[in-house]
file model27.cif (mmCIF, N, CA and C atoms)
data_data
loop_
_atom_site.label_atom_id
_atom_site.label_comp_id
_atom_site.auth_asym_id
_atom_site.auth_seq_id
_atom_site.Cartn_x
_atom_site.Cartn_y
_atom_site.Cartn_z
N MET A 522 154.56 103.42 177.89
CA MET A 522 153.33 103.38 177.12
C MET A 522 152.46 104.57 177.52
N ARG A 523 152.02 105.32 176.56
CA ARG A 523 151.26 106.54 176.78
C ARG A 523 149.78 106.22 176.98
N ASP A 524 149.20 106.78 178.02
CA ASP A 524 147.77 106.64 178.29
C ASP A 524 147.08 107.86 177.68
N GLU A 525 146.22 107.62 176.70
CA GLU A 525 145.54 108.71 175.99
C GLU A 525 144.58 109.49 176.87
N ASN A 526 144.21 108.95 178.03
CA ASN A 526 143.30 109.66 178.94
C ASN A 526 144.02 110.60 179.88
N ARG A 527 145.33 110.61 179.80
CA ARG A 527 146.11 111.48 180.68
C ARG A 527 146.68 112.66 179.90
N THR A 528 146.88 113.75 180.60
CA THR A 528 147.50 114.93 180.02
C THR A 528 149.01 114.81 180.18
N ASP A 529 149.74 115.10 179.13
CA ASP A 529 151.19 115.05 179.19
C ASP A 529 151.72 116.21 180.06
N TRP A 530 152.68 115.91 180.91
CA TRP A 530 153.29 116.90 181.80
C TRP A 530 153.74 118.13 181.01
N GLN A 531 154.36 117.91 179.85
CA GLN A 531 154.88 119.01 179.04
C GLN A 531 153.77 119.90 178.47
N ALA A 532 152.55 119.38 178.40
CA ALA A 532 151.43 120.16 177.88
C ALA A 532 150.85 121.11 178.92
N LEU A 533 151.22 120.91 180.18
CA LEU A 533 150.74 121.79 181.25
C LEU A 533 151.53 123.09 181.23
N ASP A 534 150.87 124.20 181.55
CA ASP A 534 151.62 125.45 181.63
C ASP A 534 152.38 125.51 182.95
N SER A 535 153.26 126.47 183.08
CA SER A 535 154.15 126.54 184.25
C SER A 535 153.38 126.69 185.56
N ARG A 536 152.24 127.38 185.54
CA ARG A 536 151.44 127.53 186.76
C ARG A 536 150.84 126.19 187.19
N GLU A 537 150.36 125.43 186.21
CA GLU A 537 149.80 124.11 186.52
C GLU A 537 150.89 123.17 187.07
N GLN A 538 152.06 123.19 186.44
CA GLN A 538 153.16 122.36 186.91
C GLN A 538 153.58 122.75 188.32
N LEU A 539 153.66 124.05 188.59
CA LEU A 539 154.05 124.51 189.92
C LEU A 539 153.03 124.09 190.97
N ALA A 540 151.75 124.22 190.65
CA ALA A 540 150.71 123.83 191.61
C ALA A 540 150.81 122.33 191.93
N LEU A 541 151.07 121.52 190.91
CA LEU A 541 151.24 120.08 191.14
C LEU A 541 152.49 119.80 191.96
N ARG A 542 153.59 120.49 191.67
CA ARG A 542 154.82 120.29 192.45
C ARG A 542 154.62 120.66 193.92
N GLU A 543 153.91 121.75 194.16
CA GLU A 543 153.64 122.17 195.54
C GLU A 543 152.78 121.13 196.26
N ALA A 544 151.74 120.65 195.60
CA ALA A 544 150.88 119.63 196.21
C ALA A 544 151.66 118.35 196.45
N TYR A 545 152.52 117.99 195.51
CA TYR A 545 153.34 116.79 195.68
C TYR A 545 154.30 116.95 196.86
N GLY A 546 154.81 118.13 197.06
CA GLY A 546 155.71 118.38 198.20
C GLY A 546 155.02 118.08 199.52
N HIS A 547 153.76 118.44 199.64
CA HIS A 547 153.01 118.14 200.87
C HIS A 547 152.83 116.63 201.03
N TYR A 548 152.52 115.96 199.92
CA TYR A 548 152.38 114.51 199.94
C TYR A 548 153.73 113.85 200.29
N LEU A 549 154.79 114.37 199.71
CA LEU A 549 156.13 113.83 199.94
C LEU A 549 156.51 113.85 201.41
N ASP A 550 156.03 114.85 202.13
CA ASP A 550 156.31 114.95 203.56
C ASP A 550 155.77 113.76 204.35
N THR A 551 154.82 113.03 203.77
CA THR A 551 154.23 111.88 204.46
C THR A 551 154.96 110.57 204.16
N LEU A 552 155.91 110.60 203.23
CA LEU A 552 156.62 109.39 202.82
C LEU A 552 157.97 109.28 203.51
N PRO A 553 158.48 108.06 203.65
CA PRO A 553 159.83 107.92 204.19
C PRO A 553 160.83 108.50 203.18
N PRO A 554 161.87 109.13 203.66
CA PRO A 554 162.86 109.73 202.75
C PRO A 554 163.62 108.65 201.97
N THR A 555 164.08 109.05 200.79
CA THR A 555 164.92 108.17 199.98
C THR A 555 165.95 109.02 199.24
N CYS A 556 167.11 108.44 199.02
CA CYS A 556 168.16 109.09 198.22
C CYS A 556 168.20 108.51 196.81
N ASP A 557 167.41 107.48 196.57
CA ASP A 557 167.39 106.78 195.29
C ASP A 557 166.63 107.60 194.25
N LEU A 558 167.34 108.12 193.26
CA LEU A 558 166.72 108.98 192.25
C LEU A 558 165.63 108.23 191.47
N ALA A 559 165.87 106.98 191.17
CA ALA A 559 164.86 106.19 190.44
C ALA A 559 163.58 106.08 191.26
N GLU A 560 163.71 105.86 192.56
CA GLU A 560 162.54 105.78 193.44
C GLU A 560 161.81 107.12 193.51
N LYS A 561 162.56 108.21 193.58
CA LYS A 561 161.95 109.55 193.61
C LYS A 561 161.15 109.80 192.33
N ASN A 562 161.74 109.46 191.19
CA ASN A 562 161.05 109.65 189.91
C ASN A 562 159.80 108.79 189.82
N GLU A 563 159.90 107.54 190.27
CA GLU A 563 158.76 106.63 190.21
C GLU A 563 157.63 107.11 191.12
N ARG A 564 157.98 107.57 192.30
CA ARG A 564 156.95 108.11 193.20
C ARG A 564 156.22 109.28 192.56
N PHE A 565 156.97 110.21 191.97
CA PHE A 565 156.37 111.38 191.33
C PHE A 565 155.50 110.96 190.15
N ARG A 566 156.00 110.03 189.33
CA ARG A 566 155.26 109.56 188.17
C ARG A 566 153.94 108.92 188.59
N ARG A 567 153.98 108.06 189.61
CA ARG A 567 152.76 107.40 190.09
C ARG A 567 151.77 108.41 190.66
N TRP A 568 152.27 109.36 191.44
CA TRP A 568 151.42 110.38 192.05
C TRP A 568 150.71 111.20 190.97
N LEU A 569 151.47 111.59 189.95
CA LEU A 569 150.88 112.36 188.85
C LEU A 569 149.86 111.52 188.09
N ALA A 570 150.15 110.25 187.86
CA ALA A 570 149.23 109.38 187.13
C ALA A 570 147.88 109.31 187.83
N GLU A 571 147.91 109.28 189.16
CA GLU A 571 146.66 109.27 189.92
C GLU A 571 145.85 110.54 189.70
N ARG A 572 146.50 111.58 189.23
CA ARG A 572 145.85 112.86 188.99
C ARG A 572 145.64 113.13 187.50
N GLY A 573 145.82 112.09 186.69
CA GLY A 573 145.56 112.20 185.26
C GLY A 573 146.66 112.85 184.45
N VAL A 574 147.89 112.82 184.97
CA VAL A 574 149.02 113.44 184.27
C VAL A 574 150.06 112.38 183.94
N GLU A 575 150.49 112.37 182.70
CA GLU A 575 151.53 111.45 182.23
C GLU A 575 152.88 112.14 182.37
N PHE A 576 153.79 111.47 183.04
CA PHE A 576 155.14 112.02 183.25
C PHE A 576 156.15 110.98 182.83
N GLU A 577 156.94 111.30 181.83
CA GLU A 577 157.96 110.38 181.31
C GLU A 577 159.30 110.76 181.91
N VAL A 578 159.98 109.76 182.42
CA VAL A 578 161.32 109.97 183.01
C VAL A 578 162.35 109.58 181.98
N ASP A 579 163.28 110.51 181.69
CA ASP A 579 164.40 110.17 180.81
C ASP A 579 165.33 109.24 181.53
N ARG A 580 165.69 108.16 180.88
CA ARG A 580 166.57 107.18 181.52
C ARG A 580 167.91 107.17 180.86
#
call {"tool": "encode", "arguments": {"input": "model27.cif", "output": "structure tokens"}}
result
Amino acid sequence: MRDENRTDWQALDSREQLALREAYGHYLDTLPPTCDLAEKNERFRRWLAERGVEFEVDR
């Protein structure tokens, strides 16, 4: 379900996406590691949502 108050990940330019990925990498260093791809995607999606970005994972 799309939240109209969030910006779609695809609407961000490459610099904005890179800045978010870099910031997420620092946050990721604080989490326990996981090999579960679904968990990795969910963590990233939730983290972005807290920053007003909608990220849809292809399933």
call {"tool": "resolve_selection", "arguments": {"input": "model27.cif", "expression": "the PyMOL selection byres ((chain A and resi 527-529) around 8)", "output": "ChimeraX atom specification"}}
result
/A:523-526,530-533,570,572-577
call {"tool": "closest_residue", "arguments": {"input": "model27.cif", "among": "A:Arg564, A:Glu537, A:Glu571, A:Val578", "to": "Leu549 (chain A)", "atoms": "only C-alpha atoms"}}
result
A:Arg564
call {"tool": "atom_distance", "arguments": {"input": "model27.cif", "atom1": "CA of Arg567 (chain A)", "atom2": "CA of Leu539 (chain A)"}}
result
17.2 Å
call {"tool": "atom_distance", "arguments": {"input": "model27.cif", "atom1": "CA of Arg542 (chain A)", "atom2": "CA of Phe565 (chain A)"}}
result
9.1 Å
call {"tool": "atom_distance", "arguments": {"input": "model27.cif", "atom1": "CA of Trp568 (chain A)", "atom2": "CA of Tyr545 (chain A)"}}
result
7.6 Å
call {"tool": "select_by_dssp", "arguments": {"input": "model27.cif", "residues": "chain A", "states": "strand (DSSP E or B)", "output": "VMD selection string"}}
result
chain A and resid 528 to 529 574 to 575
call {"tool": "write_last_selection", "arguments": {"input": "model27.cif", "atoms": "N, CA and C atoms", "output": "tab-separated table (two decimals), keeping the file's coordinate frame"}}
result
chain	number	residue	atom	x	y	z
A	528	THR	N	146.88	113.75	180.60
A	528	THR	CA	147.50	114.93	180.02
A	528	THR	C	149.01	114.81	180.18
A	529	ASP	N	149.74	115.10	179.13
A	529	ASP	CA	151.19	115.05	179.19
A	529	ASP	C	151.72	116.21	180.06
A	574	VAL	N	147.89	112.82	184.97
A	574	VAL	CA	149.02	113.44	184.27
A	574	VAL	C	150.06	112.38	183.94
A	575	GLU	N	150.49	112.37	182.70
A	575	GLU	CA	151.53	111.45	182.23
A	575	GLU	C	152.88	112.14	182.37
call {"tool": "select_by_dssp", "arguments": {"input": "model27.cif", "residues": "chain A", "states": "helix (DSSP H, G or I)", "output": "ChimeraX atom specification"}}
result
/A:530-532,535-549,558-571
call {"tool": "write_last_selection", "arguments": {"input": "model27.cif", "atoms": "N, CA and C atoms", "output": "short mmCIF file (atom, residue, chain, number, x, y, z; two decimals), in the frame of the given file"}}
result
data_model
loop_
_atom_site.label_atom_id
_atom_site.label_comp_id
_atom_site.auth_asym_id
_atom_site.auth_seq_id
_atom_site.Cartn_x
_atom_site.Cartn_y
_atom_site.Cartn_z
N TRP A 530 152.68 115.91 180.91
CA TRP A 530 153.29 116.90 181.80
C TRP A 530 153.74 118.13 181.01
N GLN A 531 154.36 117.91 179.85
CA GLN A 531 154.88 119.01 179.04
C GLN A 531 153.77 119.90 178.47
N ALA A 532 152.55 119.38 178.40
CA ALA A 532 151.43 120.16 177.88
C ALA A 532 150.85 121.11 178.92
N SER A 535 153.26 126.47 183.08
CA SER A 535 154.15 126.54 184.25
C SER A 535 153.38 126.69 185.56
N ARG A 536 152.24 127.38 185.54
CA ARG A 536 151.44 127.53 186.76
C ARG A 536 150.84 126.19 187.19
N GLU A 537 150.36 125.43 186.21
CA GLU A 537 149.80 124.11 186.52
C GLU A 537 150.89 123.17 187.07
N GLN A 538 152.06 123.19 186.44
CA GLN A 538 153.16 122.36 186.91
C GLN A 538 153.58 122.75 188.32
N LEU A 539 153.66 124.05 188.59
CA LEU A 539 154.05 124.51 189.92
C LEU A 539 153.03 124.09 190.97
N ALA A 540 151.75 124.22 190.65
CA ALA A 540 150.71 123.83 191.61
C ALA A 540 150.81 122.33 191.93
N LEU A 541 151.07 121.52 190.91
CA LEU A 541 151.24 120.08 191.14
C LEU A 541 152.49 119.80 191.96
N ARG A 542 153.59 120.49 191.67
CA ARG A 542 154.82 120.29 192.45
C ARG A 542 154.62 120.66 193.92
N GLU A 543 153.91 121.75 194.16
CA GLU A 543 153.64 122.17 195.54
C GLU A 543 152.78 121.13 196.26
N ALA A 544 151.74 120.65 195.60
CA ALA A 544 150.88 119.63 196.21
C ALA A 544 151.66 118.35 196.45
N TYR A 545 152.52 117.99 195.51
CA TYR A 545 153.34 116.79 195.68
C TYR A 545 154.30 116.95 196.86
N GLY A 546 154.81 118.13 197.06
CA GLY A 546 155.71 118.38 198.20
C GLY A 546 155.02 118.08 199.52
N HIS A 547 153.76 118.44 199.64
CA HIS A 547 153.01 118.14 200.87
C HIS A 547 152.83 116.63 201.03
N TYR A 548 152.52 115.96 199.92
CA TYR A 548 152.38 114.51 199.94
C TYR A 548 153.73 113.85 200.29
N LEU A 549 154.79 114.37 199.71
CA LEU A 549 156.13 113.83 199.94
C LEU A 549 156.51 113.85 201.41
N LEU A 558 167.34 108.12 193.26
CA LEU A 558 166.72 108.98 192.25
C LEU A 558 165.63 108.23 191.47
N ALA A 559 165.87 106.98 191.17
CA ALA A 559 164.86 106.19 190.44
C ALA A 559 163.58 106.08 191.26
N GLU A 560 163.71 105.86 192.56
CA GLU A 560 162.54 105.78 193.44
C GLU A 560 161.81 107.12 193.51
N LYS A 561 162.56 108.21 193.58
CA LYS A 561 161.95 109.55 193.61
C LYS A 561 161.15 109.80 192.33
N ASN A 562 161.74 109.46 191.19
CA ASN A 562 161.05 109.65 189.91
C ASN A 562 159.80 108.79 189.82
N GLU A 563 159.90 107.54 190.27
CA GLU A 563 158.76 106.63 190.21
C GLU A 563 157.63 107.11 191.12
N ARG A 564 157.98 107.57 192.30
CA ARG A 564 156.95 108.11 193.20
C ARG A 564 156.22 109.28 192.56
N PHE A 565 156.97 110.21 191.97
CA PHE A 565 156.37 111.38 191.33
C PHE A 565 155.50 110.96 190.15
N ARG A 566 156.00 110.03 189.33
CA ARG A 566 155.26 109.56 188.17
C ARG A 566 153.94 108.92 188.59
N ARG A 567 153.98 108.06 189.61
CA ARG A 567 152.76 107.40 190.09
C ARG A 567 151.77 108.41 190.66
N TRP A 568 152.27 109.36 191.44
CA TRP A 568 151.42 110.38 192.05
C TRP A 568 150.71 111.20 190.97
N LEU A 569 151.47 111.59 189.95
CA LEU A 569 150.88 112.36 188.85
C LEU A 569 149.86 111.52 188.09
N ALA A 570 150.15 110.25 187.86
CA ALA A 570 149.23 109.38 187.13
C ALA A 570 147.88 109.31 187.83
N GLU A 571 147.91 109.28 189.16
CA GLU A 571 146.66 109.27 189.92
C GLU A 571 145.85 110.54 189.70
#
call {"tool": "axis_aligned_box", "arguments": {"input": "model27.cif", "around": "region 535-554 of chain A", "padding_each_side": "5 Å", "output": "AutoDock Vina command-line options"}}
result
--center_x 156.7 --center_y 117.7 --center_z 193.8 --size_x 23.8 --size_y 29.6 --size_z 31.4
